[in-house]
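As provided, target_18.csv (CSV, C-alpha atoms) reads as follows.
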```
chain,number,residue,atom,x,y,z
A,492,MET,CA,14.9,1.1,-7.9
A,493,SER,CA,17.5,0.4,-5.3
A,494,GLN,CA,18.5,2.4,-2.3
A,495,ILE,CA,21.7,1.7,-0.4
A,496,VAL,CA,22.2,3.0,3.1
A,497,ARG,CA,25.4,2.6,4.9
A,498,LEU,CA,25.2,2.6,8.6
A,499,GLN,CA,28.3,2.8,10.8
A,500,VAL,CA,27.8,1.4,14.3
A,501,THR,CA,30.5,1.5,17.0
A,502,ARG,CA,29.8,0.1,20.4
A,503,PRO,CA,32.1,-0.8,23.2
A,504,HIS,CA,32.7,-4.6,23.4
A,505,THR,CA,31.3,-4.6,26.9
A,506,GLN,CA,27.9,-3.5,25.6
A,507,LYS,CA,27.5,-6.6,23.4
A,508,SER,CA,24.7,-8.8,24.8
A,509,ARG,CA,22.3,-11.5,23.8
A,510,LEU,CA,18.6,-11.1,23.5
A,511,SER,CA,17.9,-12.6,26.9
A,512,ASP,CA,20.3,-10.3,28.6
A,513,ARG,CA,18.8,-7.3,26.8
A,514,MET,CA,15.3,-8.3,27.8
A,515,ASN,CA,16.3,-8.6,31.4
A,516,ALA,CA,18.5,-5.5,31.5
A,517,PHE,CA,16.3,-3.0,29.6
A,518,ALA,CA,13.2,-2.4,31.5
A,519,GLY,CA,12.7,0.9,29.9
A,520,VAL,CA,14.3,3.4,27.5
A,521,THR,CA,18.0,3.2,26.8
A,522,PRO,CA,19.2,6.5,25.4
A,523,GLU,CA,22.6,5.0,24.3
A,524,ALA,CA,20.7,2.6,22.0
A,525,GLU,CA,20.2,5.6,19.6
A,526,GLY,CA,23.4,4.6,17.8
A,527,ASN,CA,22.6,0.9,17.8
A,528,GLY,CA,22.5,-1.0,14.4
A,529,LEU,CA,19.3,-2.7,15.5
A,530,VAL,CA,17.6,0.7,16.0
A,531,GLN,CA,18.8,1.8,12.6
A,532,VAL,CA,17.3,-1.3,11.0
A,533,LEU,CA,14.0,-1.0,13.0
A,534,ARG,CA,13.8,2.6,11.9
A,535,GLN,CA,14.2,1.6,8.3
A,536,ILE,CA,11.3,-0.9,8.8
A,537,ASP,CA,9.2,1.8,10.4
A,538,GLU,CA,9.8,4.2,7.5
A,539,THR,CA,9.0,1.7,4.7
A,540,ILE,CA,5.5,1.9,3.4
A,541,LEU,CA,5.7,0.3,0.0
A,542,PRO,CA,6.8,-3.4,-0.3
A,543,ARG,CA,10.5,-3.6,0.0
A,544,ALA,CA,13.1,-6.4,0.5
A,545,LEU,CA,15.7,-5.1,2.9
A,546,THR,CA,19.0,-6.9,2.7
A,547,VAL,CA,20.9,-6.3,6.0
A,548,THR,CA,24.6,-7.3,6.0
A,549,ALA,CA,26.6,-7.1,9.2
A,550,ASP,CA,30.4,-6.7,9.2
A,551,THR,CA,30.5,-10.1,10.9
A,552,GLY,CA,29.6,-11.7,7.6
A,553,HIS,CA,26.1,-12.5,8.7
A,554,SER,CA,23.2,-11.4,6.5
A,555,LEU,CA,19.4,-11.1,6.7
A,556,ARG,CA,16.7,-10.5,4.1
A,557,LEU,CA,13.7,-8.8,5.5
A,558,LEU,CA,10.4,-8.4,3.6
A,559,VAL,CA,8.7,-5.2,4.8
A,560,SER,CA,5.4,-3.5,3.8
A,561,ASN,CA,3.2,-0.9,5.4
A,562,ARG,CA,5.8,-0.3,8.1
A,563,ARG,CA,5.5,-3.9,9.2
A,564,LEU,CA,8.0,-6.7,9.1
A,565,MET,CA,6.5,-9.7,7.3
A,566,ARG,CA,9.3,-12.2,6.9
A,567,VAL,CA,12.9,-12.8,8.0
A,568,GLU,CA,15.4,-14.9,6.1
A,569,THR,CA,18.9,-15.6,7.2
A,570,VAL,CA,21.4,-16.0,4.3
A,571,GLY,CA,24.3,-18.4,4.1
A,572,SER,CA,25.1,-22.0,5.0
A,573,ASN,CA,22.6,-22.2,7.8
A,574,ALA,CA,19.9,-20.2,6.0
A,575,VAL,CA,16.5,-20.1,7.8
A,576,ALA,CA,13.3,-18.3,6.7
A,577,ALA,CA,10.5,-17.3,9.0
A,578,ASP,CA,7.2,-15.9,8.1
A,579,ALA,CA,5.3,-13.9,10.6
A,580,PRO,CA,3.2,-16.1,12.9
A,581,SER,CA,-0.4,-15.2,13.1
A,582,ASP,CA,0.0,-13.9,16.6
A,583,PRO,CA,1.8,-10.5,16.6
A,584,ASP,CA,3.5,-11.1,19.9
A,585,GLU,CA,4.9,-14.3,18.6
A,586,ALA,CA,6.0,-12.6,15.5
A,587,ALA,CA,7.7,-9.9,17.5
A,588,ALA,CA,9.5,-12.4,19.7
A,589,GLN,CA,10.6,-14.5,16.7
A,590,PHE,CA,11.8,-11.5,14.7
A,591,SER,CA,13.5,-9.7,17.5
A,592,GLU,CA,15.5,-12.9,18.2
A,593,ALA,CA,16.5,-13.2,14.6
A,594,LEU,CA,17.5,-9.6,14.3
A,595,SER,CA,19.4,-9.6,17.5
A,596,ALA,CA,21.3,-12.8,16.7
A,597,VAL,CA,22.7,-11.2,13.6
A,598,LEU,CA,23.1,-7.6,14.6
A,599,SER,CA,24.1,-7.7,18.3
A,600,ASP,CA,27.8,-8.3,17.5
A,601,ALA,CA,28.0,-6.1,14.5
A,602,GLN,CA,30.3,-3.0,14.4
A,603,SER,CA,28.8,-1.9,11.1
A,604,VAL,CA,25.6,-2.7,9.2
A,605,ARG,CA,24.8,-2.2,5.5
A,606,VAL,CA,21.2,-2.1,4.4
A,607,SER,CA,20.0,-2.2,0.8
A,608,ALA,CA,16.4,-1.9,-0.2
A,609,THR,CA,14.8,-3.2,-3.4
A,610,ARG,CA,11.2,-3.8,-4.6
A,611,TYR,CA,9.7,-7.2,-3.9
A,612,SER,CA,10.4,-9.7,-6.6
A,613,THR,CA,7.3,-11.3,-8.2
A,614,ASP,CA,7.9,-14.6,-6.3
A,615,ALA,CA,7.4,-12.9,-3.0
A,616,ILE,CA,4.2,-13.2,-1.1
A,617,PHE,CA,2.3,-10.8,1.2
A,618,TRP,CA,1.3,-11.8,4.6
A,619,ASP,CA,-1.6,-10.3,6.6
A,620,VAL,CA,-0.1,-10.0,10.0
A,621,GLY,CA,3.6,-9.2,10.5
A,622,CYS,CA,4.6,-6.8,13.2
A,623,GLY,CA,5.6,-3.2,13.6
A,624,ALA,CA,9.1,-2.1,14.4
A,625,GLY,CA,7.8,-0.5,17.6
A,626,ARG,CA,6.7,-3.8,19.0
A,627,ILE,CA,10.1,-5.4,18.3
A,628,ALA,CA,11.9,-2.4,19.7
A,629,ALA,CA,9.9,-2.6,22.9
A,630,LEU,CA,10.7,-6.2,23.3
A,631,LEU,CA,14.4,-5.5,22.9
A,632,GLY,CA,14.2,-2.5,25.3
A,633,LEU,CA,15.3,-0.1,22.6
A,634,MET,CA,14.2,3.5,21.9
A,635,LEU,CA,12.9,4.2,18.4
A,636,ARG,CA,12.9,7.8,17.4
A,637,PRO,CA,13.1,9.2,13.8
A,638,LEU,CA,16.6,10.4,12.9
A,639,ALA,CA,15.4,13.2,10.7
A,640,PRO,CA,13.0,15.7,12.3
A,641,ALA,CA,11.4,16.6,9.0
A,642,ARG,CA,9.8,13.5,7.7
A,643,ALA,CA,7.1,13.4,5.0
A,644,PRO,CA,3.7,13.4,6.7
A,645,SER,CA,2.0,10.0,6.9
A,646,ASP,CA,-1.4,11.5,7.4
A,647,PRO,CA,-3.2,11.0,4.0
A,648,GLU,CA,-5.0,14.4,4.2
A,649,LYS,CA,-1.6,16.1,4.9
A,650,LEU,CA,-0.1,14.2,2.0
A,651,LEU,CA,-2.9,15.3,-0.2
A,652,ALA,CA,-2.5,19.0,0.9
A,653,LEU,CA,1.2,18.7,0.2
A,654,HIS,CA,0.9,17.2,-3.3
A,655,ALA,CA,-2.4,18.4,-4.7
A,656,ARG,CA,-2.4,20.8,-7.6
A,657,ALA,CA,-6.1,21.4,-6.9
A,658,ARG,CA,-8.3,20.5,-4.0
A,659,ALA,CA,-11.8,20.9,-2.7
A,660,GLU,CA,-13.5,19.9,0.5
A,661,LEU,CA,-17.1,18.9,0.5
A,662,SER,CA,-19.6,18.4,3.3
A,663,THR,CA,-21.8,15.3,3.5
A,664,SER,CA,-24.5,17.3,1.8
A,665,GLY,CA,-22.2,18.2,-1.1
A,666,GLN,CA,-21.6,21.8,-0.1
A,667,ILE,CA,-18.1,23.1,-1.0
A,668,LEU,CA,-16.3,24.1,2.2
A,669,SER,CA,-12.9,25.0,0.6
A,670,HIS,CA,-11.5,25.2,-2.8
A,671,THR,CA,-7.9,25.8,-4.1
A,672,ALA,CA,-6.5,25.1,-7.5
A,673,SER,CA,-3.6,26.0,-9.8
A,674,PRO,CA,-4.7,27.4,-13.1
A,675,GLU,CA,-3.7,24.3,-15.1
A,676,ALA,CA,-5.5,21.9,-12.7
A,677,GLU,CA,-8.6,24.1,-12.2
A,678,PRO,CA,-10.6,22.6,-15.2
A,679,MET,CA,-9.9,19.1,-14.0
A,680,LEU,CA,-11.2,19.9,-10.5
A,681,GLU,CA,-14.3,21.6,-12.0
A,682,ALA,CA,-15.0,18.4,-14.1
A,683,LEU,CA,-14.6,16.3,-10.9
A,684,LEU,CA,-16.9,18.6,-8.9
A,685,THR,CA,-19.5,18.6,-11.7
A,686,TRP,CA,-19.5,14.8,-11.8
A,687,VAL,CA,-19.8,14.5,-8.1
A,688,SER,CA,-22.6,17.0,-8.0
A,689,ASN,CA,-24.5,15.3,-10.9
A,690,HIS,CA,-24.2,11.9,-9.3
A,691,ASN,CA,-24.9,13.1,-5.8
A,692,GLN,CA,-21.9,11.1,-4.6
A,693,THR,CA,-22.1,12.1,-1.0
A,694,ASN,CA,-21.8,9.7,1.9
A,695,ALA,CA,-25.2,10.8,3.1
A,696,THR,CA,-26.9,9.4,0.0
A,697,VAL,CA,-24.7,6.5,-1.1
A,698,SER,CA,-24.8,3.7,1.3
A,699,GLY,CA,-21.6,1.9,2.0
A,700,ARG,CA,-19.4,4.5,0.3
A,701,ALA,CA,-17.8,5.8,3.5
A,702,ASP,CA,-14.0,5.5,3.8
A,703,ASP,CA,-12.6,4.7,0.4
A,704,ILE,CA,-10.5,6.4,-2.2
A,705,SER,CA,-11.1,6.5,-5.9
A,706,CYS,CA,-8.1,7.4,-8.2
A,707,ILE,CA,-8.5,8.0,-11.9
A,708,PRO,CA,-5.3,8.3,-13.9
A,709,LEU,CA,-5.3,11.4,-16.2
A,710,ASP,CA,-2.9,12.8,-18.7
A,711,ASP,CA,0.3,14.6,-17.7
A,712,ALA,CA,1.0,12.1,-14.9
A,713,LEU,CA,-1.9,13.4,-12.8
A,714,ASP,CA,-4.7,11.6,-11.0
A,715,ALA,CA,-8.2,12.7,-10.1
A,716,VAL,CA,-8.7,11.6,-6.5
A,717,ILE,CA,-11.9,11.4,-4.4
A,718,ILE,CA,-11.6,10.5,-0.7
A,719,HIS,CA,-14.9,9.5,0.9
A,720,ARG,CA,-15.1,10.0,4.6
A,721,ALA,CA,-17.9,9.8,7.1
A,722,ASP,CA,-17.9,13.6,7.4
A,723,GLY,CA,-17.6,14.5,3.7
A,724,GLN,CA,-15.4,14.2,0.7
A,725,THR,CA,-12.1,15.6,-0.5
A,726,LEU,CA,-11.6,16.0,-4.3
A,727,ALA,CA,-8.1,16.5,-5.6
A,728,ILE,CA,-5.9,16.5,-8.6
A,729,THR,CA,-2.6,15.0,-7.6
A,730,PRO,CA,0.6,13.8,-9.3
A,731,SER,CA,0.4,10.1,-10.2
A,732,SER,CA,3.9,9.6,-8.6
A,733,ALA,CA,2.3,10.3,-5.2
A,734,ARG,CA,-0.5,7.7,-5.7
A,735,ASP,CA,0.9,4.6,-4.0
A,736,THR,CA,2.3,6.6,-1.1
A,737,LEU,CA,-1.1,8.3,-0.6
A,738,LEU,CA,-3.0,5.0,-0.8
A,739,SER,CA,-0.6,3.2,1.6
A,740,ALA,CA,-0.7,6.1,4.1
A,741,TRP,CA,-4.5,6.1,3.9
A,742,HIS,CA,-4.6,2.3,4.5
A,743,SER,CA,-2.1,2.6,7.5
A,744,ALA,CA,-4.2,5.4,9.0
A,745,ARG,CA,-7.4,3.4,8.6
A,746,ALA,CA,-5.7,0.3,10.2
A,747,ALA,CA,-4.5,2.5,13.1
A,748,ILE,CA,-8.0,3.9,13.7
A,749,ASP,CA,-9.6,0.5,13.4
A,750,GLY,CA,-6.9,-1.0,15.7
A,751,ALA,CA,-7.5,1.8,18.3
A,752,GLY,CA,-11.2,1.2,18.1
A,753,LYS,CA,-10.7,-2.5,19.0
A,754,GLY,CA,-8.3,-1.7,21.8
A,755,GLY,CA,-5.3,-2.5,19.5
A,756,HIS,CA,-2.0,-0.9,19.3
A,757,ARG,CA,-1.3,2.8,18.5
A,758,PRO,CA,1.0,3.5,15.6
A,759,LEU,CA,4.6,4.3,16.3
A,760,HIS,CA,5.5,8.0,16.8
B,746,MET,CA,-5.1,-20.3,-23.5
B,747,THR,CA,-8.5,-20.4,-21.8
B,748,VAL,CA,-10.0,-17.3,-20.1
B,749,GLY,CA,-9.3,-18.9,-16.8
B,750,GLY,CA,-5.7,-19.5,-17.8
B,751,HIS,CA,-5.3,-15.8,-18.7
B,752,LEU,CA,-6.7,-14.8,-15.3
B,753,ASP,CA,-4.5,-17.3,-13.4
B,754,THR,CA,-1.4,-16.0,-15.3
B,755,LEU,CA,-2.3,-12.4,-14.5
B,756,ARG,CA,-2.9,-13.2,-10.8
B,757,ALA,CA,0.4,-15.1,-10.5
B,758,SER,CA,2.3,-12.1,-12.0
B,759,LEU,CA,1.0,-9.8,-9.3
B,760,PRO,CA,2.3,-10.2,-5.7
B,761,GLY,CA,-0.4,-9.6,-3.2
B,762,CYS,CA,-3.2,-10.1,-5.7
B,763,THR,CA,-6.0,-12.2,-4.2
B,764,LEU,CA,-8.6,-12.1,-7.0
B,765,VAL,CA,-8.7,-11.4,-10.7
B,766,ALA,CA,-12.2,-11.0,-12.1
B,767,TYR,CA,-13.2,-10.7,-15.7
B,768,GLY,CA,-16.6,-9.2,-16.3
B,769,ASP,CA,-18.9,-6.9,-18.2
B,770,VAL,CA,-19.6,-3.6,-16.4
B,771,SER,CA,-22.4,-2.6,-18.7
B,772,ALA,CA,-24.2,-5.8,-17.7
B,773,GLN,CA,-22.7,-5.6,-14.2
B,774,LEU,CA,-21.8,-9.3,-14.5
B,775,VAL,CA,-18.7,-11.1,-13.4
B,776,LEU,CA,-18.0,-13.8,-16.0
B,777,ARG,CA,-15.0,-15.6,-14.6
B,778,THR,CA,-12.6,-15.3,-11.6
B,779,SER,CA,-9.2,-16.5,-10.5
B,780,THR,CA,-8.9,-16.7,-6.8
B,781,ASP,CA,-7.5,-18.9,-4.1
B,782,SER,CA,-10.6,-18.5,-1.9
B,783,ALA,CA,-14.3,-18.5,-2.9
B,784,TRP,CA,-16.0,-15.0,-3.2
B,785,PRO,CA,-19.7,-14.8,-2.5
B,786,GLN,CA,-21.7,-13.8,-5.6
B,787,GLU,CA,-23.0,-10.6,-3.9
B,788,LYS,CA,-19.4,-9.4,-3.4
B,789,LEU,CA,-18.6,-10.1,-7.0
B,790,ASP,CA,-21.7,-8.2,-8.0
B,791,ASP,CA,-20.6,-5.2,-5.8
B,792,LEU,CA,-17.2,-5.4,-7.5
B,793,CYS,CA,-18.9,-4.9,-10.9
B,794,LYS,CA,-21.2,-2.2,-9.7
B,795,SER,CA,-18.3,-0.3,-8.2
B,796,GLY,CA,-16.4,-0.7,-11.5
B,797,ALA,CA,-19.4,0.7,-13.5
B,798,ARG,CA,-19.5,3.7,-11.1
B,799,GLN,CA,-15.7,4.3,-11.5
B,800,PHE,CA,-15.9,4.1,-15.3
B,801,GLY,CA,-18.7,6.7,-15.2
B,802,LEU,CA,-16.1,9.0,-13.5
B,803,VAL,CA,-13.5,7.9,-16.0
B,804,ASP,CA,-15.8,8.9,-18.9
B,805,ALA,CA,-16.5,12.3,-17.2
B,806,MET,CA,-12.8,13.0,-17.0
B,807,SER,CA,-12.2,11.8,-20.6
B,808,PRO,CA,-11.3,15.3,-21.9
B,809,PHE,CA,-8.3,15.1,-19.7
B,810,ARG,CA,-7.4,11.6,-20.8
B,811,GLN,CA,-5.9,11.7,-24.3
B,812,SER,CA,-3.3,9.0,-23.6
B,813,ALA,CA,-1.9,6.6,-26.1
B,814,ASN,CA,-3.5,3.8,-24.1
B,815,PRO,CA,-7.2,3.7,-25.0
B,816,THR,CA,-8.1,1.5,-22.0
B,817,ARG,CA,-10.0,2.9,-19.0
B,818,GLU,CA,-8.4,2.6,-15.6
B,819,ALA,CA,-9.6,3.3,-12.1
B,820,ILE,CA,-8.2,2.4,-8.6
B,821,VAL,CA,-10.3,2.1,-5.5
B,822,THR,CA,-8.8,1.6,-2.1
B,823,THR,CA,-11.1,0.2,0.6
B,824,ARG,CA,-10.4,-0.6,4.2
B,825,ARG,CA,-9.6,-4.2,3.2
B,826,ASP,CA,-7.9,-4.0,-0.2
B,827,VAL,CA,-6.9,-2.1,-3.3
B,828,ARG,CA,-9.0,-2.7,-6.5
B,829,VAL,CA,-7.6,-1.9,-9.9
B,830,TYR,CA,-10.0,-1.8,-12.8
B,831,VAL,CA,-8.8,-1.9,-16.4
B,832,GLY,CA,-11.6,-1.7,-18.9
B,833,ALA,CA,-11.8,-2.1,-22.7
B,834,PRO,CA,-11.8,1.2,-24.7
B,835,GLY,CA,-15.0,2.9,-25.8
B,836,ALA,CA,-18.4,1.6,-25.0
B,837,ALA,CA,-17.3,-2.1,-24.6
B,838,GLY,CA,-18.0,-3.3,-21.2
B,839,ASP,CA,-15.2,-5.8,-20.8
B,840,VAL,CA,-13.2,-5.2,-17.6
B,841,LEU,CA,-10.6,-6.9,-15.5
B,842,CYS,CA,-10.6,-6.2,-11.8
B,843,CYS,CA,-7.5,-7.1,-9.7
B,844,VAL,CA,-8.1,-7.1,-5.9
B,845,CYS,CA,-4.8,-6.7,-4.1
B,846,ARG,CA,-3.5,-6.2,-0.6
B,847,SER,CA,-2.3,-2.8,0.4
B,848,GLY,CA,1.1,-1.6,-0.7
B,849,ILE,CA,1.0,-2.7,-4.3
B,850,ASP,CA,2.7,-0.9,-7.2
B,851,THR,CA,-0.5,0.3,-9.0
B,852,ASP,CA,1.3,1.3,-12.2
B,853,HIS,CA,2.6,-2.3,-12.5
B,854,VAL,CA,-0.8,-3.8,-11.9
B,855,ILE,CA,-2.3,-1.5,-14.5
B,856,HIS,CA,0.4,-2.4,-17.0
B,857,GLU,CA,0.0,-6.2,-16.5
B,858,ALA,CA,-3.8,-6.0,-16.5
B,859,ARG,CA,-3.8,-4.0,-19.8
B,860,ALA,CA,-1.7,-6.7,-21.4
B,861,ALA,CA,-4.0,-9.5,-20.1
B,862,LEU,CA,-7.2,-7.7,-21.2
B,863,SER,CA,-5.7,-7.2,-24.7
B,864,ASN,CA,-4.9,-10.9,-24.9
B,865,LEU,CA,-8.5,-11.7,-23.8
B,866,LEU,CA,-10.0,-9.4,-26.3
B,867,ASP,CA,-7.8,-10.7,-29.1
B,868,ARG,CA,-8.8,-14.2,-28.2
B,869,ASP,CA,-12.5,-13.3,-28.7
B,870,GLN,CA,-11.9,-11.9,-32.2
```
As structure tokens, how would this structure be written, given the file I've shared?
Amino acid sequence: MSQIVRLQVTRPHTQKSRLSDRMNAFAGVTPEAEGNGLVQVLRQIDETILPRALTVTADTGHSLRLLVSNRRLMRVETVGSNAVAADAPSDPDEAAAQFSEALSAVLSDAQSVRVSATRYSTDAIFWDVGCGAGRIAALLGLMLRPLAPARAPSDPEKLLALHARARAELSTSGQILSHTASPEAEPMLEALLTWVSNHNQTNATVSGRADDISCIPLDDALDAVIIHRADGQTLAITPSSARDTLLSAWHSARAAIDGAGKGGHRPLH
Amino acid sequence: MTVGGHLDTLRASLPGCTLVAYGDVSAQLVLRTSTDSAWPQEKLDDLCKSGARQFGLVDAMSPFRQSANPTREAIVTTRRDVRVYVGAPGAAGDVLCCVCRSGIDTDHVIHEARAALSNLLDRDQ
């Protein structure tokens, strides 16, 4: 799958600046940065959950290849005769500094930017750390706001509510708190409820089961899904096409909660 | 190719895959792994126990699984990773478990693991 996004960026020549100038000049929010190519690329990073290689080509002829996953920039490669590749350092602040400089060097003089997104090739590697677009934007003194007001919800429970053909909420004791189902998905949800009831799969009784998701692929491109939480469970029948988005959203939400608990950074929005 | 060779090949074909384990869920035993870092035995045991529990759910949902692929599949996402289980059809306990980082294409992992499990089972016959 390949997605091509063409971004036209026009800026007065006098607004061109280098990273050091930006860092000195922009102490806070810069509303005029909304039309900036850097912002467009950062927004693209922030909206990318599944692993994607973004090829960014500026009209100056310079090009970058960015590896992005879970709304985090993992690797930057410049393309051309002076090609340089940089993985995210283990320190997120170092990563943000390094990546912001690389992005700024290529995009600060660009009048237009072209971004193409493809899946990772099999020779690509995942890195643990990387850094979010928000951190880079903050370093560059740029404002990062979603362009489209109606984005798909990133909250896994909202995603589930949006996609589920059938859904039931259970308390920690296994009591059914809510239950909705389309006629065709009702028998599948009933089977799921029966199994959970027979196996007493509640967080109160099964040690170590809090906070995970089980997905079982079924026929007709549907999944049976169980989300285990500290305060109960959600059972659902969902389209398989929503599976990876749901799992990634759940992981991101968990990471944000864990990060907040450790005094880490809040997710962008 | 040896069992270890099959597991290494599968892991190499899956970006973000940190461990591939071949085991028997009925015996709850991991027989062989491919990984770049050592996993404690108790974690491998947990992996197998979780697989056995997932396949119990798979079997319960079997009336809704009449697919052409007779293998049994389950995906478990934990805080740390995504675990994709692909088990042999029927009562056989052979299972492959791929432990991957978040953001993987689960359909791709299932497809590759099915092929690898088939090769492993053919090798035993």
Using only C-alpha atoms, what table do you get, as a tab-separated table, when you list each residue of chain B with an atom no more than 12 Å from chain A, its nearest pair of atoms, and their distance in Å rounded to one decimal, rows by chain then rising number?
```
residue	atom	partner	partner_atom	distance
B:Leu755	CA	A:Thr613	CA	11.5
B:Arg756	CA	A:Thr613	CA	10.7
B:Ala757	CA	A:Thr613	CA	8.2
B:Ser758	CA	A:Thr613	CA	6.3
B:Leu759	CA	A:Thr613	CA	6.6
B:Pro760	CA	A:Thr613	CA	5.7
B:Gly761	CA	A:Phe617	CA	5.3
B:Cys762	CA	A:Phe617	CA	8.9
B:Thr763	CA	A:Phe617	CA	10.0
B:Asp791	CA	A:Gly699	CA	10.6
B:Ser795	CA	A:Arg700	CA	9.8
B:Gly796	CA	A:Ser705	CA	10.5
B:Arg798	CA	A:His690	CA	9.6
B:Gln799	CA	A:Ser705	CA	7.6
B:Phe800	CA	A:Ile707	CA	9.0
B:Gly801	CA	A:Trp686	CA	8.8
B:Leu802	CA	A:Trp686	CA	6.9
B:Val803	CA	A:Ile707	CA	6.5
B:Asp804	CA	A:Trp686	CA	9.9
B:Ala805	CA	A:Trp686	CA	6.7
B:Met806	CA	A:Ala682	CA	6.5
B:Ser807	CA	A:Leu709	CA	8.2
B:Pro808	CA	A:Met679	CA	8.9
B:Phe809	CA	A:Leu709	CA	5.9
B:Arg810	CA	A:Leu709	CA	5.1
B:Gln811	CA	A:Asp710	CA	6.4
B:Ser812	CA	A:Asp710	CA	6.2
B:Ala813	CA	A:Asp710	CA	9.7
B:Asn814	CA	A:Asp710	CA	10.5
B:Pro815	CA	A:Leu709	CA	11.8
B:Thr816	CA	A:Pro708	CA	10.9
B:Arg817	CA	A:Pro708	CA	8.8
B:Glu818	CA	A:Ile707	CA	6.5
B:Ala819	CA	A:Ile707	CA	4.8
B:Ile820	CA	A:Cys706	CA	5.0
B:Val821	CA	A:Ser705	CA	4.5
B:Thr822	CA	A:Ile704	CA	5.1
B:Thr823	CA	A:Asp703	CA	4.7
B:Arg824	CA	A:His742	CA	6.5
B:Arg825	CA	A:His742	CA	8.3
B:Asp826	CA	A:His742	CA	8.5
B:Val827	CA	A:Leu738	CA	8.5
B:Arg828	CA	A:Ser705	CA	9.5
B:Val829	CA	A:Cys706	CA	9.5
B:Tyr830	CA	A:Ile707	CA	10.0
B:Val831	CA	A:Ile707	CA	10.9
B:Cys845	CA	A:Phe617	CA	9.8
B:Arg846	CA	A:Phe617	CA	7.6
B:Ser847	CA	A:Ser739	CA	6.4
B:Gly848	CA	A:Leu541	CA	5.0
B:Ile849	CA	A:Leu541	CA	7.0
B:Asp850	CA	A:Asp735	CA	6.6
B:Thr851	CA	A:Asp735	CA	6.7
B:Asp852	CA	A:Asp735	CA	8.8
B:His853	CA	A:Thr613	CA	11.0
B:Val854	CA	A:Thr613	CA	11.6
B:Ile855	CA	A:Pro708	CA	10.3
```
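Atom pair CA of Ala837 (chain B) / CA of Leu774 (chain B): separated by 13.2 Å.
As for CA of Asp722 (chain A) and CA of Ser669 (chain A), they are spaced 14.2 Å apart.
Distances here use all atoms listed in the file; by that measure, the residue among B:Val775, B:Ala797, B:Leu764, B:Leu865 closest to Thr747 (chain B) is B:Leu865.
The gap separating CA of Thr609 (chain A) from CA of Asp781 (chain B) is 27.3 Å, in Å to one decimal.
For the point (-12.2, 27.2, -3.6) in file coordinates, the residues within 10 Å, using only C-alpha atoms, are A:Ala657, A:Arg658, A:Ala659, A:Glu660, A:Ile667, A:Leu668, A:Ser669, A:His670, A:Thr671, A:Ala672, A:Glu677.
If you measure from each of B:Ser771, B:Leu792, B:His751, B:Ala766 to Ala860 (chain B) using all atoms listed in the file, the closest one turns out to be B:His751.
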